[in-house]
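Note: the block below is upload.txt and it holds compact mmCIF, C-alpha atoms.
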```
# COMPACT_ATOMS: atom_id res chain seq x y z
CA MET A 10 71.46 95.12 123.23
CA LYS A 11 72.58 96.63 119.95
CA PHE A 12 75.84 98.62 120.18
CA VAL A 13 76.65 96.81 123.43
CA ASP A 14 76.69 93.02 122.96
CA GLU A 15 78.80 92.95 119.79
CA TYR A 16 81.53 94.91 121.59
CA ARG A 17 81.83 92.13 124.19
CA ASP A 18 82.56 89.32 121.71
CA SER A 19 85.32 87.10 123.07
CA ALA A 20 86.61 85.88 119.67
CA ALA A 21 87.03 89.46 118.52
CA ALA A 22 88.76 90.30 121.80
CA GLU A 23 91.20 87.44 121.21
CA LYS A 24 92.01 88.84 117.76
CA LEU A 25 92.82 92.23 119.26
CA LEU A 26 94.89 90.62 122.00
CA GLY A 27 96.81 88.68 119.35
CA ALA A 28 97.50 91.91 117.50
CA ILE A 29 98.65 93.58 120.73
CA ARG A 30 100.98 90.66 121.55
CA GLY A 31 102.46 90.82 118.08
CA LEU A 32 103.11 94.53 118.41
CA VAL A 33 104.80 95.03 121.75
CA THR A 34 108.61 94.97 121.91
CA ARG A 35 109.18 96.64 125.31
CA PRO A 36 107.35 97.70 128.50
CA TRP A 37 104.80 100.51 128.27
CA THR A 38 102.57 102.24 130.81
CA ILE A 39 99.18 103.57 129.78
CA MET A 40 96.61 105.39 131.91
CA GLU A 41 92.90 105.01 131.30
CA VAL A 42 91.35 108.28 132.40
CA CYS A 43 87.76 107.36 133.20
CA GLY A 44 86.54 105.38 136.19
CA GLY A 45 84.04 103.62 133.93
CA GLN A 46 86.95 102.27 131.89
CA THR A 47 88.77 101.21 135.08
CA HIS A 48 85.69 99.28 136.12
CA ALA A 49 85.43 97.51 132.73
CA ILE A 50 89.17 96.67 132.72
CA LEU A 51 88.92 95.03 136.16
CA LYS A 52 85.57 93.38 135.45
CA TYR A 53 86.79 91.70 132.27
CA GLY A 54 90.33 91.17 133.53
CA ILE A 55 91.77 93.04 130.55
CA ASP A 56 94.89 94.09 132.48
CA GLU A 57 95.78 90.46 133.13
CA LEU A 58 95.36 89.47 129.47
CA LEU A 59 97.87 92.04 128.21
CA PRO A 60 101.48 91.06 127.51
CA ALA A 61 103.83 91.24 130.48
CA GLY A 62 105.27 94.71 130.71
CA VAL A 63 102.18 96.51 129.49
CA THR A 64 100.82 98.26 132.59
CA LEU A 65 97.51 100.03 132.95
CA LEU A 66 97.35 102.83 135.51
CA HIS A 67 93.98 104.08 136.67
CA GLY A 68 93.32 107.77 136.28
CA PRO A 69 91.51 110.52 138.15
CA GLY A 70 88.29 110.28 136.10
CA CYS A 71 85.84 109.48 138.88
CA PRO A 72 84.00 112.61 140.01
CA VAL A 73 82.77 110.90 143.16
CA CYS A 74 86.39 110.25 144.11
CA VAL A 75 87.76 113.72 143.43
CA THR A 76 85.00 115.83 145.01
CA PRO A 77 86.83 117.55 147.88
CA LEU A 78 86.05 116.77 151.51
CA GLU A 79 84.91 120.36 152.06
CA LYS A 80 82.14 119.97 149.44
CA ILE A 81 80.96 116.72 151.02
CA ASP A 82 80.87 118.48 154.42
CA ARG A 83 78.90 121.35 152.85
CA ALA A 84 76.47 118.86 151.27
CA VAL A 85 76.02 117.23 154.69
CA ALA A 86 75.43 120.66 156.30
CA LEU A 87 72.82 121.59 153.68
CA ALA A 88 71.08 118.21 153.81
CA SER A 89 70.84 118.50 157.60
CA ARG A 90 68.77 121.71 157.40
CA PRO A 91 65.05 121.10 158.05
CA ASP A 92 64.03 123.53 155.27
CA VAL A 93 66.10 121.72 152.61
CA ILE A 94 65.34 118.84 150.26
CA PHE A 95 68.81 117.68 149.18
CA CYS A 96 68.94 115.90 145.80
CA SER A 97 71.93 113.95 144.54
CA PHE A 98 73.05 111.22 142.19
CA GLY A 99 73.03 108.03 144.24
CA ASP A 100 76.77 107.41 144.18
CA MET A 101 77.50 110.52 146.29
CA LEU A 102 75.51 109.33 149.32
CA ARG A 103 78.16 107.09 150.87
CA VAL A 104 81.19 109.28 150.25
CA PRO A 105 82.65 109.93 153.71
CA GLY A 106 82.72 113.52 154.90
CA THR A 107 84.74 114.60 157.92
CA ASP A 108 82.11 113.38 160.40
CA ARG A 109 79.49 111.55 158.35
CA ASP A 110 78.04 110.95 154.89
CA LEU A 111 74.76 111.95 153.23
CA LEU A 112 73.24 108.53 153.81
CA SER A 113 73.59 108.91 157.58
CA VAL A 114 71.92 112.34 157.32
CA LYS A 115 69.06 110.61 155.53
CA ALA A 116 68.94 107.86 158.16
CA ALA A 117 68.70 110.54 160.86
CA GLY A 118 65.61 112.01 159.18
CA GLY A 119 67.13 114.44 156.68
CA ASP A 120 65.24 114.83 153.40
CA VAL A 121 67.87 113.42 151.04
CA ARG A 122 66.61 112.18 147.69
CA ILE A 123 68.38 110.22 144.98
CA VAL A 124 67.64 111.48 141.47
CA TYR A 125 68.49 110.03 138.05
CA SER A 126 68.51 113.37 136.24
CA PRO A 127 69.07 116.95 137.48
CA LEU A 128 65.71 117.72 135.89
CA ASP A 129 64.13 115.43 138.51
CA ALA A 130 65.52 117.76 141.19
CA LEU A 131 64.07 120.76 139.36
CA ARG A 132 60.66 119.06 139.23
CA ILE A 133 60.83 118.40 142.98
CA ALA A 134 61.53 122.13 143.47
CA ALA A 135 58.50 123.07 141.36
CA GLU A 136 56.33 120.68 143.35
CA ASN A 137 57.57 121.92 146.76
CA PRO A 138 57.57 125.74 146.56
CA ALA A 139 57.72 126.13 150.35
CA ARG A 140 60.96 124.10 150.62
CA GLN A 141 64.49 124.84 149.44
CA VAL A 142 65.71 122.22 146.95
CA VAL A 143 69.48 121.85 146.56
CA PHE A 144 70.98 119.65 143.85
CA PHE A 145 74.55 118.35 144.24
CA ALA A 146 76.00 119.26 140.82
CA VAL A 147 79.10 117.10 140.53
CA GLY A 148 80.71 115.48 137.54
CA PHE A 149 82.97 115.88 134.54
CA GLU A 150 82.17 117.40 131.15
CA THR A 151 79.71 114.56 130.46
CA THR A 152 77.44 115.61 133.31
CA ALA A 153 77.83 119.38 132.90
CA PRO A 154 75.27 119.80 130.06
CA GLY A 155 72.48 118.21 132.11
CA ASN A 156 73.31 120.20 135.20
CA ALA A 157 73.58 123.40 133.14
CA MET A 158 70.16 122.66 131.68
CA ALA A 159 68.57 122.29 135.12
CA VAL A 160 69.93 125.70 136.20
CA TYR A 161 68.98 127.31 132.89
CA GLN A 162 65.42 125.96 133.09
CA ALA A 163 65.13 127.04 136.73
CA LYS A 164 65.87 130.61 135.65
CA ARG A 165 63.60 130.36 132.62
CA ALA A 166 60.67 129.05 134.70
CA ASP A 167 61.53 131.34 137.63
CA ILE A 168 61.82 128.45 140.10
CA ARG A 169 63.50 130.39 142.91
CA ASN A 170 63.65 127.66 145.55
CA PHE A 171 66.16 125.66 143.45
CA THR A 172 69.92 125.93 143.92
CA VAL A 173 72.95 123.82 143.08
CA LEU A 174 76.03 122.93 145.11
CA VAL A 175 78.60 122.89 142.33
CA SER A 176 81.74 120.75 142.26
CA HIS A 177 82.33 120.29 138.52
CA VAL A 178 85.73 119.21 137.23
CA LEU A 179 87.42 119.09 133.83
CA VAL A 180 89.59 116.34 132.32
CA PRO A 181 92.34 118.17 130.37
CA PRO A 182 93.78 120.09 133.37
CA ALA A 183 93.82 116.80 135.33
CA LEU A 184 95.84 115.11 132.57
CA GLU A 185 98.32 117.97 132.71
CA ALA A 186 98.51 117.63 136.52
CA VAL A 187 99.24 113.91 136.16
CA LEU A 188 101.88 114.54 133.49
CA GLY A 189 103.47 117.32 135.54
CA SER A 190 103.81 115.16 138.66
CA PRO A 191 107.49 114.30 139.41
CA GLY A 192 106.79 110.57 139.72
CA CYS A 193 104.69 110.34 136.56
CA ARG A 194 105.09 107.04 134.71
CA VAL A 195 102.31 107.56 132.17
CA GLN A 196 103.43 107.22 128.54
CA GLY A 197 100.01 107.28 126.86
CA PHE A 198 96.36 107.92 127.68
CA LEU A 199 93.03 106.35 126.89
CA ALA A 200 90.87 109.48 127.01
CA ALA A 201 87.34 109.33 128.41
CA GLY A 202 84.92 108.67 125.55
CA HIS A 203 81.80 110.25 126.99
CA VAL A 204 83.60 113.40 128.08
CA CYS A 205 84.71 113.71 124.44
CA ALA A 206 81.16 113.00 123.19
CA VAL A 207 80.32 116.40 124.70
CA MET A 208 83.59 118.28 124.22
CA GLY A 209 85.12 116.72 121.11
CA TYR A 210 88.87 116.14 121.27
CA THR A 211 90.65 119.19 119.89
CA GLU A 212 91.60 120.36 123.40
CA TYR A 213 93.82 117.25 123.72
CA LEU A 214 95.96 118.14 120.69
CA PRO A 215 98.22 120.62 122.56
CA ILE A 216 98.65 118.16 125.47
CA ALA A 217 99.72 115.33 123.14
CA ALA A 218 102.19 117.66 121.44
CA ARG A 219 103.60 119.37 124.56
CA TYR A 220 104.18 116.20 126.58
CA HIS A 221 104.73 113.91 123.57
CA VAL A 222 102.07 111.41 124.72
CA PRO A 223 99.61 109.53 122.52
CA ILE A 224 96.00 110.18 123.54
CA VAL A 225 93.37 107.75 122.22
CA VAL A 226 89.71 108.67 122.75
CA THR A 227 88.30 105.32 123.90
CA GLY A 228 84.91 103.76 124.65
CA PHE A 229 83.82 101.55 127.51
CA GLU A 230 83.14 98.05 126.20
CA PRO A 231 85.91 95.42 126.24
CA LEU A 232 86.56 95.65 122.50
CA ASP A 233 86.69 99.44 122.71
CA ILE A 234 89.28 99.31 125.45
CA LEU A 235 91.37 96.65 123.71
CA GLN A 236 91.31 98.62 120.46
CA GLY A 237 92.19 101.81 122.35
CA ILE A 238 95.16 100.01 123.94
CA HIS A 239 96.18 98.63 120.54
CA LEU A 240 96.11 102.07 118.91
CA CYS A 241 97.99 103.62 121.84
CA LEU A 242 100.70 100.91 121.84
CA LYS A 243 101.09 101.20 118.08
CA GLN A 244 101.80 104.92 118.47
CA LEU A 245 104.24 104.27 121.30
CA GLU A 246 106.11 101.60 119.34
CA GLN A 247 106.32 103.93 116.33
CA GLY A 248 107.34 106.97 118.39
CA ARG A 249 104.20 108.92 117.51
CA ALA A 250 102.22 111.13 119.92
CA GLU A 251 98.89 111.93 118.29
CA VAL A 252 95.26 112.23 119.28
CA GLU A 253 93.27 109.34 117.80
CA ASN A 254 89.58 108.53 118.05
CA GLN A 255 88.73 104.87 118.74
CA TYR A 256 85.16 105.75 119.80
CA SER A 257 84.08 107.32 116.51
CA ARG A 258 80.59 105.81 116.63
CA VAL A 259 79.85 108.21 119.48
CA VAL A 260 82.55 110.92 119.44
CA SER A 261 83.06 113.53 116.73
CA GLU A 262 85.99 115.93 116.53
CA GLN A 263 83.88 118.95 117.44
CA GLY A 264 81.66 117.22 120.05
CA ASN A 265 78.13 118.36 120.88
CA ARG A 266 78.03 122.08 120.08
CA PRO A 267 74.59 122.88 121.59
CA ALA A 268 75.68 121.24 124.84
CA GLN A 269 78.98 123.17 124.86
CA ALA A 270 77.07 126.42 124.25
CA LEU A 271 74.73 126.00 127.22
CA VAL A 272 77.55 124.88 129.51
CA ALA A 273 79.47 128.02 128.52
CA GLU A 274 76.44 130.20 129.23
CA VAL A 275 75.71 128.77 132.69
CA PHE A 276 79.22 127.87 133.89
CA GLN A 277 82.65 129.47 133.83
CA VAL A 278 86.07 127.88 134.29
CA VAL A 279 87.35 128.21 137.87
CA ASN A 280 90.18 126.86 140.01
CA ARG A 281 89.04 123.67 141.71
CA ALA A 282 90.39 121.54 144.57
CA TRP A 283 90.53 117.78 143.81
CA ARG A 284 90.21 115.37 146.68
CA GLY A 285 93.55 113.74 147.37
CA ILE A 286 95.35 115.85 144.77
CA GLY A 287 94.85 119.50 145.81
CA GLU A 288 93.95 122.58 143.84
CA ILE A 289 94.46 122.46 140.08
CA PRO A 290 94.25 125.84 138.29
CA ARG A 291 91.32 126.30 135.90
CA SER A 292 90.25 122.68 136.42
CA GLY A 293 86.58 123.10 137.28
CA LEU A 294 83.32 124.84 136.52
CA GLY A 295 81.40 127.31 138.69
CA LEU A 296 78.24 129.28 137.95
CA THR A 297 78.57 132.53 136.00
CA GLU A 298 77.35 135.78 137.58
CA SER A 299 74.14 135.60 135.51
CA PHE A 300 73.20 132.40 137.34
CA ALA A 301 74.72 133.24 140.75
CA ALA A 302 71.24 133.36 142.30
CA PHE A 303 71.14 129.57 141.90
CA ASP A 304 74.40 128.98 143.78
CA ALA A 305 73.70 127.16 147.06
CA GLU A 306 76.99 128.43 148.48
CA ARG A 307 75.71 131.99 148.08
CA ARG A 308 72.15 131.39 149.24
CA PHE A 309 73.10 129.57 152.44
CA ASP A 310 75.72 130.59 154.98
CA LEU A 311 78.27 127.77 154.82
CA SER A 312 81.22 129.77 156.11
CA ALA A 313 81.55 127.49 159.13
CA VAL A 314 82.33 124.54 156.83
CA GLY A 315 85.88 125.09 155.60
CA PRO A 316 88.69 122.90 154.24
CA ARG A 317 89.58 119.91 156.41
CA PRO A 318 92.52 117.50 156.37
CA GLU A 319 92.07 114.11 154.70
CA PRO A 320 92.34 110.93 156.80
CA ALA A 321 96.08 110.26 157.00
CA GLU A 322 95.82 106.54 156.27
CA CYS A 323 94.09 106.87 152.87
CA ILE A 324 96.34 106.91 149.77
CA ALA A 325 93.50 107.80 147.38
CA GLY A 326 95.40 110.84 146.11
CA LEU A 327 98.32 108.66 144.98
CA VAL A 328 95.95 106.12 143.42
CA LEU A 329 94.12 108.87 141.50
CA GLN A 330 97.41 110.13 140.07
CA GLY A 331 98.55 106.68 139.02
CA LEU A 332 101.44 106.73 141.50
CA GLN A 333 100.22 103.72 143.49
CA LYS A 334 97.75 100.89 142.93
CA PRO A 335 95.01 99.98 145.42
CA PRO A 336 96.52 96.70 146.72
CA GLU A 337 99.67 98.63 147.66
CA CYS A 338 97.67 100.33 150.43
CA GLU A 339 97.99 98.67 153.86
CA ALA A 340 94.35 99.41 154.67
CA PHE A 341 93.03 97.90 151.40
CA GLY A 342 90.50 95.13 151.97
CA GLY A 343 91.02 95.19 155.74
CA ARG A 344 90.39 98.49 157.47
CA CYS A 345 89.06 99.92 154.19
CA THR A 346 86.23 98.17 152.35
CA PRO A 347 83.20 99.41 150.36
CA GLU A 348 81.12 98.89 153.54
CA HIS A 349 83.55 100.92 155.68
CA PRO A 350 85.51 103.12 153.28
CA LEU A 351 88.35 105.36 154.41
CA GLY A 352 88.35 107.26 151.15
CA ALA A 353 86.20 107.98 148.14
CA THR A 354 88.06 105.64 145.77
CA MET A 355 86.66 102.74 147.81
CA VAL A 356 83.10 104.12 147.73
CA SER A 357 82.27 104.79 144.14
CA PRO A 358 81.71 101.74 141.92
CA GLU A 359 84.01 103.56 139.49
CA GLY A 360 86.71 104.16 142.07
CA ALA A 361 89.87 102.15 141.48
CA CYS A 362 89.93 100.71 145.03
CA ALA A 363 86.29 99.60 144.84
CA ALA A 364 86.89 98.06 141.39
CA TYR A 365 89.84 96.01 142.71
CA TYR A 366 87.88 94.96 145.78
CA ARG A 367 84.71 94.10 143.91
CA HIS A 368 86.46 91.97 141.31
CA ARG A 369 88.33 90.02 143.98
CA ARG A 370 91.80 91.31 143.32
CA ILE A 371 92.80 91.29 146.95
CA ALA A 372 95.24 88.45 146.48
CA ALA A 373 95.49 88.26 142.69
CA GLY A 374 95.82 92.02 142.54
CA GLN A 375 99.22 91.85 144.19
CA GLY A 376 100.48 89.99 141.17
CA SER A 377 98.88 92.36 138.68
CA VAL A 378 100.28 95.53 140.18
CA ARG A 379 103.21 95.56 137.80
CA MET B 26 79.50 108.67 136.81
CA CYS B 27 80.11 109.28 133.13
CA LEU B 28 78.26 106.06 132.40
CA ALA B 29 76.20 106.59 129.29
CA VAL B 30 74.18 103.90 127.57
CA PRO B 31 73.06 103.43 123.95
CA GLY B 32 69.33 103.15 123.36
CA ARG B 33 66.80 103.41 120.51
CA ILE B 34 64.30 106.27 120.25
CA THR B 35 60.78 104.82 120.08
CA SER B 36 58.76 108.07 120.18
CA ILE B 37 59.22 111.82 120.52
CA THR B 38 56.87 114.33 122.16
CA GLY B 39 56.87 118.13 122.53
CA ASP B 40 57.75 121.10 120.33
CA ASP B 41 59.66 123.26 122.84
CA PRO B 42 63.34 122.72 121.91
CA TRP B 43 64.35 122.90 125.59
CA THR B 44 61.99 120.21 126.78
CA ARG B 45 61.48 117.99 123.69
CA THR B 46 61.45 114.47 125.11
CA ALA B 47 61.96 110.98 123.69
CA LYS B 48 61.05 107.57 124.96
CA VAL B 49 64.29 105.65 124.61
CA SER B 50 64.40 101.85 124.77
CA PHE B 51 67.31 100.22 126.56
CA GLY B 52 66.80 96.55 125.76
CA GLY B 53 63.05 97.07 126.16
CA VAL B 54 63.13 99.31 129.23
CA LEU B 55 61.68 102.72 128.29
CA VAL B 56 63.11 105.92 129.78
CA ASP B 57 62.20 109.59 129.20
CA VAL B 58 65.15 111.44 127.69
CA ASN B 59 65.59 115.16 127.04
CA LEU B 60 66.53 115.90 123.40
CA ALA B 61 67.55 119.56 123.74
CA TYR B 62 71.15 118.76 122.83
CA LEU B 63 70.29 116.60 119.80
CA PRO B 64 67.65 118.63 117.94
CA ASP B 65 67.86 116.59 114.72
CA VAL B 66 67.36 113.01 115.93
CA LYS B 67 64.29 111.02 114.95
CA VAL B 68 62.46 107.83 115.86
CA ASP B 69 64.61 104.67 115.46
CA ASP B 70 67.87 106.57 115.83
CA TYR B 71 70.25 105.24 118.50
CA VAL B 72 71.50 107.77 121.02
CA ILE B 73 73.92 107.78 123.96
CA VAL B 74 72.07 108.83 127.12
CA HIS B 75 73.57 110.20 130.33
CA ALA B 76 71.52 111.34 133.36
CA GLY B 77 68.37 111.85 131.30
CA PHE B 78 69.97 113.69 128.38
CA ALA B 79 70.76 112.41 124.89
CA LEU B 80 74.33 113.56 124.22
CA SER B 81 75.32 111.89 120.96
CA GLN B 82 73.72 110.04 118.08
CA ILE B 83 75.41 106.74 117.29
CA ASP B 84 76.98 106.74 113.83
CA GLU B 85 76.16 103.28 112.46
CA ALA B 86 78.82 103.36 109.74
CA GLU B 87 81.52 104.28 112.26
CA ALA B 88 80.21 101.57 114.60
CA ALA B 89 81.08 98.91 112.01
CA LEU B 90 84.68 100.12 111.57
CA ILE B 91 86.08 98.11 114.46
CA PHE B 92 84.84 94.89 112.86
CA GLU B 93 86.38 95.82 109.50
CA GLU B 94 89.64 96.50 111.32
CA LEU B 95 89.34 93.13 113.04
CA SER B 96 89.01 91.30 109.75
CA ARG B 97 92.20 93.03 108.61
CA LEU B 98 93.89 91.83 111.80
CA ALA B 99 92.67 88.26 111.35
CA PRO B 100 95.64 87.01 109.24
CA ASP B 101 97.95 88.08 112.07
CA LEU B 102 95.86 86.00 114.42
CA GLU B 103 96.41 82.84 112.39
CA GLU B 104 100.16 83.19 112.84
CA GLY B 105 100.68 84.76 116.25
CA GLY B 106 97.42 84.82 118.12
CA GLU B 107 97.76 81.84 120.40
CA PRO B 108 96.66 82.51 123.96
CA ALA B 109 99.31 83.63 126.41
CA ALA B 110 100.58 81.17 128.97
```
Just dump the structure as structure tokens.
Amino acid sequence: MKFVDEYRDSAAAEKLLGAIRGLVTRPWTIMEVCGGQTHAILKYGIDELLPAGVTLLHGPGCPVCVTPLEKIDRAVALASRPDVIFCSFGDMLRVPGTDRDLLSVKAAGGDVRIVYSPLDALRIAAENPARQVVFFAVGFETTAPGNAMAVYQAKRADIRNFTVLVSHVLVPPALEAVLGSPGCRVQGFLAAGHVCAVMGYTEYLPIAARYHVPIVVTGFEPLDILQGIHLCLKQLEQGRAEVENQYSRVVSEQGNRPAQALVAEVFQVVNRAWRGIGEIPRSGLGLTESFAAFDAERRFDLSAVGPRPEPAECIAGLVLQGLQKPPECEAFGGRCTPEHPLGATMVSPEGACAAYYRHRRIAAGQGSVR
Amino acid sequence: MCLAVPGRITSITGDDPWTRTAKVSFGGVLVDVNLAYLPDVKVDDYVIVHAGFALSQIDEAEAALIFEELSRLAPDLEEGGEPAA
């Protein structure tokens, strides 16, 4: 496919690797923010091709992984109601709640439906006026415009049996949380390209300056990631800390203004709890008062479903902050597998634990940890 | 979840800016895509699609930059680009 295949060319990748090898004079640690990038790095073995001493840490950019346990429990409670059709992106169905996941609700007869677009959930609501349709609105800035559009169109078309269970999160506050952590080893970031396609990248300028870290907006194909690493290492070697845009075929400085405008009309910035990390101030999106009628947490009484403790054995929070790597967990690959996950990072295909497991890094991964 | 895939617009239907919809081809597979966030795109443009929404038009000139950069890097390769042990 055009704009995909040419960015997977192995000869070109070797050129970039040669340039990287010729550049590096000391150890550096870079975090790729997005789970999609983590997956590509493990799939293509990019981390193992880099010079010794260049370490990639995997960031918190997997919305499936950071959706708090309480929201999963609330999704399970809503999906279990006989009057509700619960719609979700497919990757949320196997995320473990306190007692069970959405898939087991479906198996027990709950009306849980996987949708590709939030507009599919809205259509289901229009077609089933006697039922309540709840859409699980999770995701980062990339997903927010679509979810905002579904809510906006529900109001516009007066579809009153449609609500959303919102657990939206934002990247920049998460980067600041990572950088502010006492054990932080991150010296540079590959920023999430599709988040920046929506938001642009000006909001990263103060972070690069304040923490003196290079931030390179990076795409998702192997050549994108290698070029992002090259640009980031070049800055580190030269002592620079700037925001650069590797993914300029998709990302502009100002981002997608119409999308930003609708997100700002439907959502407002709120404090948000991140699974495994805890609450981060002003790190999420919730519905504005104008759209509060579409908030599932207001329409349904969910007061019985409150915050719960995480399973003690799971180190997902440390993995998401780049403080530990998946093979360092005692449960990895044994008591915790994609079939029987202890935590969300093993569920989502974009979760770091699932990426290590899937690409057979159980043994080899031990060697690639540092 | 932020997976977004490039595809080519093969047709566009509708006048309502909120619901204007394209058929987008991903290697021959056609998918309906909402164009509300990219009001100016036209047939044959390539767009990045996420969860049924076109979020960005691919800039073809910018897309070629990485290959121009690679040809600048090539002389380095001749001298120091041997595979790692």
Self-check item: Atomic separation - CA of Val252 in chain A relative to CA of Ser96 in chain B, Å
Solution: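 So the answer is 23.8 Å.
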Using all atoms listed in the file, list the residues that have an atom at most 9 Å from (90.1, 97.3, 130.7), coordinates as in the file, as a compact mmCIF listing (two decimals) with C-alpha atoms, keeping the file's coordinate frame.
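Saved result, point-v6.txt, follows:
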```txt
# COMPACT_ATOMS: atom_id res chain seq x y z
CA GLU A 41 92.90 105.01 131.30
CA GLN A 46 86.95 102.27 131.89
CA THR A 47 88.77 101.21 135.08
CA HIS A 48 85.69 99.28 136.12
CA ALA A 49 85.43 97.51 132.73
CA ILE A 50 89.17 96.67 132.72
CA LEU A 51 88.92 95.03 136.16
CA LYS A 52 85.57 93.38 135.45
CA TYR A 53 86.79 91.70 132.27
CA GLY A 54 90.33 91.17 133.53
CA ILE A 55 91.77 93.04 130.55
CA ASP A 56 94.89 94.09 132.48
CA LEU A 65 97.51 100.03 132.95
CA PHE A 229 83.82 101.55 127.51
CA GLU A 230 83.14 98.05 126.20
CA PRO A 231 85.91 95.42 126.24
CA ASP A 233 86.69 99.44 122.71
CA ILE A 234 89.28 99.31 125.45
CA LEU A 235 91.37 96.65 123.71
CA ILE A 238 95.16 100.01 123.94
```
Quiz prompt | Between CA of Cys205 in chain A and CA of Arg291 in chain A, distance in Å (one decimal) | solution =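 Between CA of Cys205 in chain A and CA of Arg291 in chain A the gap works out to 18.3 Å.
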Kindly provide, as a compact mmCIF listing (two decimals) with C-alpha atoms, in the coordinates of the input, the residues of chain B having any atom no farther than 9 Å from an atom of chain A, counting only C-alpha atoms.
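Below is the file iface.txt, written as the result:
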```txt
# COMPACT_ATOMS: atom_id res chain seq x y z
CA MET B 26 79.50 108.67 136.81
CA CYS B 27 80.11 109.28 133.13
CA LEU B 28 78.26 106.06 132.40
CA ALA B 29 76.20 106.59 129.29
CA VAL B 30 74.18 103.90 127.57
CA PRO B 31 73.06 103.43 123.95
CA GLY B 32 69.33 103.15 123.36
CA ARG B 33 66.80 103.41 120.51
CA TRP B 43 64.35 122.90 125.59
CA PHE B 51 67.31 100.22 126.56
CA GLY B 52 66.80 96.55 125.76
CA ALA B 61 67.55 119.56 123.74
CA TYR B 62 71.15 118.76 122.83
CA LEU B 63 70.29 116.60 119.80
CA PRO B 64 67.65 118.63 117.94
CA TYR B 71 70.25 105.24 118.50
CA VAL B 72 71.50 107.77 121.02
CA ILE B 73 73.92 107.78 123.96
CA HIS B 75 73.57 110.20 130.33
CA ALA B 76 71.52 111.34 133.36
CA GLY B 77 68.37 111.85 131.30
CA PHE B 78 69.97 113.69 128.38
CA LEU B 80 74.33 113.56 124.22
CA SER B 81 75.32 111.89 120.96
CA GLN B 82 73.72 110.04 118.08
CA ILE B 83 75.41 106.74 117.29
CA ASP B 84 76.98 106.74 113.83
CA GLU B 85 76.16 103.28 112.46
CA ALA B 86 78.82 103.36 109.74
CA GLU B 87 81.52 104.28 112.26
CA ALA B 88 80.21 101.57 114.60
CA ALA B 89 81.08 98.91 112.01
CA LEU B 90 84.68 100.12 111.57
CA ILE B 91 86.08 98.11 114.46
CA PHE B 92 84.84 94.89 112.86
CA LEU B 95 89.34 93.13 113.04
CA SER B 96 89.01 91.30 109.75
CA LEU B 98 93.89 91.83 111.80
CA ALA B 99 92.67 88.26 111.35
CA ASP B 101 97.95 88.08 112.07
CA LEU B 102 95.86 86.00 114.42
CA GLY B 105 100.68 84.76 116.25
CA GLY B 106 97.42 84.82 118.12
CA GLU B 107 97.76 81.84 120.40
CA PRO B 108 96.66 82.51 123.96
CA ALA B 109 99.31 83.63 126.41
```
Practice problem: Please return, as a ChimeraX atom specification, all polymer residues that have at least one atom within 7 Å of the point (61.3, 114.8, 131.6); use all atoms listed in the file and the file's own coordinate frame. | Solution: /A:128 /B:46,57-59
Quiz item: How many Å lie between CA of Ser97 in chain A and CA of Gly343 in chain A, rounded to one decimal?
Solution: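 Between these atoms lies a distance of 29.0 Å.
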Quiz item: Excluding same-chain residues fewer than 6 positions from Leu329 in chain A, what lies within 8 Å of it counting all atoms listed in the file, as a list in words?
Solution: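 Counting all atoms listed in the file, the residues come to His67, Gly68, Pro69, Gly285, Ile286 and Ala361 of chain A.
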Quiz item: When distances are computed from only C-alpha atoms, which of A:Leu174, A:Val160, A:Val356, A:Ile133 shows the smallest separation from Leu311 in chain A?
Solution: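 For Leu311 in chain A, the nearest of the candidates is A:Leu174.
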Using only C-alpha atoms, determine which residues lie at most 10 Å from Arg169 in chain A, disregarding the query and same-chain residues fewer than 5 positions distant; provide the list as a PDB file with C-alpha atoms, in the coordinates of the input.
```pdb
ATOM      1  CA  ALA A 134      61.530 122.130 143.470  1.00  0.00           C
ATOM      2  CA  ALA A 135      58.500 123.070 141.360  1.00  0.00           C
ATOM      3  CA  PRO A 138      57.570 125.740 146.560  1.00  0.00           C
ATOM      4  CA  GLN A 141      64.490 124.840 149.440  1.00  0.00           C
ATOM      5  CA  VAL A 142      65.710 122.220 146.950  1.00  0.00           C
ATOM      6  CA  ALA A 163      65.130 127.040 136.730  1.00  0.00           C
ATOM      7  CA  LYS A 164      65.870 130.610 135.650  1.00  0.00           C
ATOM      8  CA  ALA A 302      71.240 133.360 142.300  1.00  0.00           C
ATOM      9  CA  PHE A 303      71.140 129.570 141.900  1.00  0.00           C
TER      10      PHE A 303
END
```
